[in-house]
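Asker: See final_19.cif below, with mmCIF, C-alpha atoms.
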```
data_target
loop_
_atom_site.group_PDB
_atom_site.id
_atom_site.type_symbol
_atom_site.label_atom_id
_atom_site.label_comp_id
_atom_site.auth_asym_id
_atom_site.auth_seq_id
_atom_site.Cartn_x
_atom_site.Cartn_y
_atom_site.Cartn_z
ATOM 1 C CA MET A 1 -36.024 5.580 -13.068
ATOM 2 C CA ALA A 2 -35.107 8.713 -15.011
ATOM 3 C CA GLU A 3 -33.652 10.315 -11.849
ATOM 4 C CA ALA A 4 -31.446 7.267 -11.219
ATOM 5 C CA ASP A 5 -30.228 7.419 -14.804
ATOM 6 C CA ARG A 6 -29.343 11.123 -14.459
ATOM 7 C CA THR A 7 -27.312 10.569 -11.308
ATOM 8 C CA ALA A 8 -25.548 7.358 -12.336
ATOM 9 C CA GLN A 9 -22.862 9.006 -14.452
ATOM 10 C CA PRO A 10 -21.943 11.722 -11.904
ATOM 11 C CA ARG A 11 -21.833 9.102 -9.132
ATOM 12 C CA GLN A 12 -19.500 6.914 -11.184
ATOM 13 C CA LYS A 13 -17.249 9.866 -11.991
ATOM 14 C CA ALA A 14 -17.241 10.924 -8.331
ATOM 15 C CA ARG A 15 -16.301 7.377 -7.263
ATOM 16 C CA ALA A 16 -13.425 7.333 -9.749
ATOM 17 C CA LEU A 17 -12.181 10.697 -8.476
ATOM 18 C CA PHE A 18 -12.494 9.465 -4.891
ATOM 19 C CA ARG A 19 -10.393 6.381 -5.664
ATOM 20 C CA ARG A 20 -7.713 8.556 -7.301
ATOM 21 C CA ALA A 21 -7.759 10.889 -4.297
ATOM 22 C CA TYR A 22 -7.400 8.009 -1.871
ATOM 23 C CA ARG A 23 -4.420 6.624 -3.792
ATOM 24 C CA ALA A 24 -2.789 10.079 -3.822
ATOM 25 C CA GLN A 25 -3.386 10.394 -0.082
ATOM 26 C CA GLN A 26 -1.845 6.994 0.588
ATOM 27 C CA ARG A 27 1.229 8.109 -1.358
ATOM 28 C CA GLY A 28 1.521 11.265 0.737
ATOM 29 C CA ARG A 29 0.443 13.591 -2.080
ATOM 30 C CA LEU A 30 -1.937 15.578 0.101
ATOM 31 C CA ASP A 31 -2.435 18.543 -2.237
ATOM 32 C CA ASP A 32 -3.431 16.213 -5.074
ATOM 33 C CA ALA A 33 -5.650 14.204 -2.744
ATOM 34 C CA ALA A 34 -7.456 17.302 -1.463
ATOM 35 C CA ARG A 35 -7.992 18.598 -5.003
ATOM 36 C CA LEU A 36 -9.376 15.244 -6.170
ATOM 37 C CA TYR A 37 -11.650 14.883 -3.128
ATOM 38 C CA ARG A 38 -13.019 18.375 -3.863
ATOM 39 C CA GLU A 39 -13.606 17.426 -7.506
ATOM 40 C CA SER A 40 -15.395 14.295 -6.342
ATOM 41 C CA ILE A 41 -17.591 16.369 -4.016
ATOM 42 C CA GLU A 42 -18.374 18.883 -6.767
ATOM 43 C CA THR A 43 -19.379 16.014 -9.057
ATOM 44 C CA HIS A 44 -21.495 14.162 -6.494
ATOM 45 C CA PRO A 45 -21.086 14.886 -2.758
ATOM 46 C CA THR A 46 -20.702 11.884 -0.463
ATOM 47 C CA ALA A 47 -20.035 11.459 3.220
ATOM 48 C CA GLU A 48 -16.913 9.465 2.361
ATOM 49 C CA ALA A 49 -15.388 12.211 0.219
ATOM 50 C CA TYR A 50 -16.008 14.867 2.874
ATOM 51 C CA THR A 51 -14.606 12.608 5.615
ATOM 52 C CA TYR A 52 -11.462 11.792 3.693
ATOM 53 C CA LEU A 53 -10.993 15.412 2.649
ATOM 54 C CA GLY A 54 -11.058 16.150 6.358
ATOM 55 C CA TRP A 55 -8.481 13.443 6.859
ATOM 56 C CA THR A 56 -6.085 15.203 4.446
ATOM 57 C CA HIS A 57 -6.393 18.346 6.557
ATOM 58 C CA ALA A 58 -5.828 16.361 9.742
ATOM 59 C CA TYR A 59 -2.554 15.017 8.322
ATOM 60 C CA ARG A 60 -1.463 18.664 8.244
ATOM 61 C CA ARG A 61 -2.811 19.242 11.756
ATOM 62 C CA GLU A 62 -5.490 21.544 10.325
ATOM 63 C CA TYR A 63 -8.052 20.157 12.740
ATOM 64 C CA ASP A 64 -10.655 22.914 12.459
ATOM 65 C CA ALA A 65 -10.935 22.396 8.703
ATOM 66 C CA ALA A 66 -10.936 18.618 9.188
ATOM 67 C CA MET A 67 -13.786 18.866 11.684
ATOM 68 C CA ARG A 68 -15.769 21.142 9.373
ATOM 69 C CA TYR A 69 -15.613 18.480 6.652
ATOM 70 C CA CYS A 70 -16.618 15.765 9.115
ATOM 71 C CA ARG A 71 -19.722 17.756 10.041
ATOM 72 C CA LEU A 72 -20.609 18.080 6.344
ATOM 73 C CA ALA A 73 -20.183 14.308 5.993
ATOM 74 C CA ILE A 74 -22.566 13.729 8.898
ATOM 75 C CA GLU A 75 -25.139 16.037 7.289
ATOM 76 C CA ILE A 76 -25.050 13.894 4.143
ATOM 77 C CA ASP A 77 -25.120 10.524 5.916
ATOM 78 C CA PRO A 78 -25.726 10.456 9.679
ATOM 79 C CA SER A 79 -25.374 6.647 9.701
ATOM 80 C CA PHE A 80 -21.716 6.739 8.542
ATOM 81 C CA GLY A 81 -19.459 6.166 11.552
ATOM 82 C CA ASN A 82 -16.106 7.438 10.266
ATOM 83 C CA PRO A 83 -16.709 11.196 10.579
ATOM 84 C CA TYR A 84 -17.973 10.831 14.162
ATOM 85 C CA ASN A 85 -14.835 8.976 15.228
ATOM 86 C CA ASP A 86 -12.606 11.336 13.294
ATOM 87 C CA LEU A 87 -14.233 14.363 14.931
ATOM 88 C CA GLY A 88 -13.618 12.814 18.335
ATOM 89 C CA ALA A 89 -10.023 11.966 17.488
ATOM 90 C CA TYR A 90 -9.357 15.503 16.221
ATOM 91 C CA LEU A 91 -10.816 16.969 19.417
ATOM 92 C CA ILE A 92 -8.511 14.720 21.442
ATOM 93 C CA GLU A 93 -5.589 16.043 19.394
ATOM 94 C CA LYS A 94 -6.749 19.558 20.311
ATOM 95 C CA ASN A 95 -6.799 18.487 23.984
ATOM 96 C CA GLN A 96 -10.594 18.828 24.110
ATOM 97 C CA TRP A 97 -11.213 15.496 25.789
ATOM 98 C CA THR A 98 -14.710 16.132 27.135
ATOM 99 C CA GLU A 99 -15.958 17.521 23.822
ATOM 100 C CA ALA A 100 -14.647 14.422 22.028
ATOM 101 C CA GLU A 101 -16.648 11.911 24.055
ATOM 102 C CA PRO A 102 -20.148 12.350 22.524
ATOM 103 C CA TRP A 103 -18.737 12.124 19.000
ATOM 104 C CA LEU A 104 -16.962 8.864 19.816
ATOM 105 C CA GLU A 105 -20.082 7.462 21.454
ATOM 106 C CA ALA A 106 -22.017 8.339 18.286
ATOM 107 C CA ALA A 107 -19.399 6.505 16.211
ATOM 108 C CA ALA A 108 -19.813 3.420 18.392
ATOM 109 C CA ARG A 109 -23.590 3.528 17.696
ATOM 110 C CA ALA A 110 -23.297 4.202 13.952
ATOM 111 C CA THR A 111 -25.097 1.699 11.755
ATOM 112 C CA ARG A 112 -22.721 2.037 8.786
ATOM 113 C CA TYR A 113 -19.214 1.552 10.054
ATOM 114 C CA ALA A 114 -16.470 -1.004 9.576
ATOM 115 C CA SER A 115 -14.077 0.185 12.288
ATOM 116 C CA TYR A 116 -15.911 -0.055 15.611
ATOM 117 C CA HIS A 117 -12.613 -0.695 17.368
ATOM 118 C CA LEU A 118 -11.560 2.931 16.817
ATOM 119 C CA PRO A 119 -14.175 4.757 18.903
ATOM 120 C CA TYR A 120 -13.749 2.259 21.738
ATOM 121 C CA TYR A 121 -10.002 2.756 21.652
ATOM 122 C CA ASN A 122 -10.414 6.544 21.638
ATOM 123 C CA LEU A 123 -12.968 6.386 24.453
ATOM 124 C CA GLY A 124 -10.409 4.336 26.366
ATOM 125 C CA ARG A 125 -7.861 7.101 25.816
ATOM 126 C CA ILE A 126 -10.305 9.581 27.326
ATOM 127 C CA GLN A 127 -10.844 7.408 30.397
ATOM 128 C CA GLU A 128 -7.116 6.894 30.798
ATOM 129 C CA HIS A 129 -6.639 10.668 30.560
ATOM 130 C CA ARG A 130 -9.171 10.965 33.404
ATOM 131 C CA PHE A 131 -7.211 8.389 35.421
ATOM 132 C CA ASP A 132 -10.144 5.963 35.319
ATOM 133 C CA TYR A 133 -7.959 3.016 34.466
ATOM 134 C CA GLU A 134 -10.655 0.412 35.061
ATOM 135 C CA LYS A 135 -12.979 1.971 32.476
ATOM 136 C CA ALA A 136 -10.070 2.551 30.109
ATOM 137 C CA GLU A 137 -9.083 -1.103 30.353
ATOM 138 C CA ALA A 138 -12.655 -2.219 29.637
ATOM 139 C CA LEU A 139 -12.829 0.051 26.587
ATOM 140 C CA TYR A 140 -9.486 -1.158 25.229
ATOM 141 C CA ARG A 141 -10.731 -4.736 25.668
ATOM 142 C CA ARG A 142 -13.909 -3.811 23.789
ATOM 143 C CA ALA A 143 -11.808 -2.398 20.953
ATOM 144 C CA LEU A 144 -9.883 -5.667 20.831
ATOM 145 C CA GLN A 145 -13.126 -7.640 20.605
ATOM 146 C CA PHE A 146 -13.795 -5.869 17.316
ATOM 147 C CA HIS A 147 -10.199 -6.005 16.074
ATOM 148 C CA PRO A 148 -8.032 -8.473 18.047
ATOM 149 C CA LYS A 149 -4.822 -7.405 16.287
ATOM 150 C CA PHE A 150 -5.282 -3.641 16.757
ATOM 151 C CA LYS A 151 -1.822 -2.748 18.091
ATOM 152 C CA PRO A 152 -2.589 0.621 19.733
ATOM 153 C CA ALA A 153 -5.334 -0.932 21.915
ATOM 154 C CA ARG A 154 -3.210 -3.970 22.708
ATOM 155 C CA ARG A 155 -0.265 -1.720 23.665
ATOM 156 C CA ALA A 156 -2.469 0.591 25.800
ATOM 157 C CA LEU A 157 -4.013 -2.382 27.566
ATOM 158 C CA GLY A 158 -0.564 -3.867 28.246
ATOM 159 C CA LEU A 159 0.670 -0.603 29.734
ATOM 160 C CA LEU A 160 -2.371 -0.345 31.990
ATOM 161 C CA GLN A 161 -1.914 -3.909 33.167
ATOM 162 C CA ALA A 162 1.793 -3.332 33.817
ATOM 163 C CA ARG A 163 0.940 -0.207 35.813
ATOM 164 C CA ARG A 164 -1.404 -2.246 38.001
ATOM 165 C CA ASN A 165 1.216 -4.940 38.753
#
```
Here is a file; write its structure as structure tokens.

Answerer:
Amino acid sequence: MAEADRTAQPRQKARALFRRAYRAQQRGRLDDAARLYRESIETHPTAEAYTYLGWTHAYRREYDAAMRYCRLAIEIDPSFGNPYNDLGAYLIEKNQWTEAEPWLEAAARATRYASYHLPYYNLGRIQEHRFDYEKAEALYRRALQFHPKFKPARRALGLLQARRN
């Protein structure tokens, strides 16, 4: 009980800093967002703060830094799906398609994740890059099962179907 009491205040402060960082990031104020995410991490490190700090670096195409933060997020909470998908997506951006695949598969298996459509979409991109259109189509369909209105998967699926006709 005493331990929970000692960590409650830092956790609350870290959450407040995280929310401020997220708002700054959404407004395009990346320097402010990165600073606030770091403050949040210094107060009480969380997988979310590390993942979103990585996201600010990815916006700047600083993929190596972004991936470093994703790995730190995974160390804190291996069940959190976001950093696995983000790592895979950053590797795709670096044209490292094969290296991306295991990270995306891990995201699809993550137990704490609200965006399962993303790793399936990204896995579909990998299969399309490999010219395995049948597998790509199946993965885009899987993404749409999780998020029927996800436009990138719907668009990719439509293009594959048009190519076949």

Asker: Which residues match the PyMOL selection byres ((chain A and resi 63) around 10) in the file above, as a PyMOL selection string?

Answerer: chain A and resi 54-62+64-69+86-87+89-91+93-94

Asker: Written as number ranges by chain, which residues does the PyMOL selection byres ((chain A and resi 109-123) around 6) give for the file shown?

Answerer: A: 79-81, 85, 104, 106-108, 124-126, 139-140, 143, 146-147, 153

Asker: If I put a ball of radius 10 Å at (-1.3, 2.2, 26.0) in the file's coordinates, which residues poke into it when counting all atoms listed in the file, written as a VMD selection string?

Answerer: chain A and resid 121 124 to 125 128 136 to 137 140 151 to 161

Asker: Next, dump the selected residues to file, keeping only C-alpha atoms, as a PDB file, in the coordinates of the input.

Answerer:
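For reference, again26.pdb as written:
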```
ATOM      1  CA  TYR A 121     -10.002   2.756  21.652  1.00  0.00           C
ATOM      2  CA  GLY A 124     -10.409   4.336  26.366  1.00  0.00           C
ATOM      3  CA  ARG A 125      -7.861   7.101  25.816  1.00  0.00           C
ATOM      4  CA  GLU A 128      -7.116   6.894  30.798  1.00  0.00           C
ATOM      5  CA  ALA A 136     -10.070   2.551  30.109  1.00  0.00           C
ATOM      6  CA  GLU A 137      -9.083  -1.103  30.353  1.00  0.00           C
ATOM      7  CA  TYR A 140      -9.486  -1.158  25.229  1.00  0.00           C
ATOM      8  CA  LYS A 151      -1.822  -2.748  18.091  1.00  0.00           C
ATOM      9  CA  PRO A 152      -2.589   0.621  19.733  1.00  0.00           C
ATOM     10  CA  ALA A 153      -5.334  -0.932  21.915  1.00  0.00           C
ATOM     11  CA  ARG A 154      -3.210  -3.970  22.708  1.00  0.00           C
ATOM     12  CA  ARG A 155      -0.265  -1.720  23.665  1.00  0.00           C
ATOM     13  CA  ALA A 156      -2.469   0.591  25.800  1.00  0.00           C
ATOM     14  CA  LEU A 157      -4.013  -2.382  27.566  1.00  0.00           C
ATOM     15  CA  GLY A 158      -0.564  -3.867  28.246  1.00  0.00           C
ATOM     16  CA  LEU A 159       0.670  -0.603  29.734  1.00  0.00           C
ATOM     17  CA  LEU A 160      -2.371  -0.345  31.990  1.00  0.00           C
ATOM     18  CA  GLN A 161      -1.914  -3.909  33.167  1.00  0.00           C
TER      19      GLN A 161
END
```

Asker: Considering all atoms listed in the file, state which residue in the set A:Gly28, A:Pro45, A:Pro10, A:Gly88 is at the smallest distance from A:Leu72.

Answerer: A:Pro45

Asker: Counting all atoms listed in the file, which residue out of A:Glu101, A:Ala21, A:Arg29, A:Tyr84 sits closest to A:Leu53?

Answerer: A:Ala21

Asker: Run the PyMOL selection byres ((chain A and resi 51) around 6) mentally over the shown coordinates, then write out the matched residues as a compact mmCIF listing (two decimals) with C-alpha atoms, in the coordinates of the input, using the chain letters and numbers from the document.

Answerer:
```txt
# COMPACT_ATOMS: atom_id res chain seq x y z
CA GLU A 48 -16.91 9.46 2.36
CA ALA A 49 -15.39 12.21 0.22
CA TYR A 50 -16.01 14.87 2.87
CA TYR A 52 -11.46 11.79 3.69
CA LEU A 53 -10.99 15.41 2.65
CA GLY A 54 -11.06 16.15 6.36
CA CYS A 70 -16.62 15.76 9.12
CA ALA A 73 -20.18 14.31 5.99
CA PRO A 83 -16.71 11.20 10.58
```

Asker: Quote the spacing between atom CA of A:Ile92 and atom CA of A:Arg27 in Å to one decimal place.

Answerer: 25.7 Å

Asker: For the atom pair atom CA of A:Ala8 and atom CA of A:Ile76, what is the interatomic distance in Å to one decimal place?

Answerer: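 Atom CA of A:Ala8 sits 17.7 Å away from atom CA of A:Ile76.
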
Asker: Give the padded box for stretch 31-42 of chain A as lines of an AutoDock Vina configuration file: axis-aligned, covering all atoms listed in the file, 8 Å on each side, centre and edge lengths in Å to one decimal.

Answerer:
```
center_x = -10.4
center_y = 16.5
center_z = -4.5
size_x = 31.9
size_y = 20.7
size_z = 22.0
```
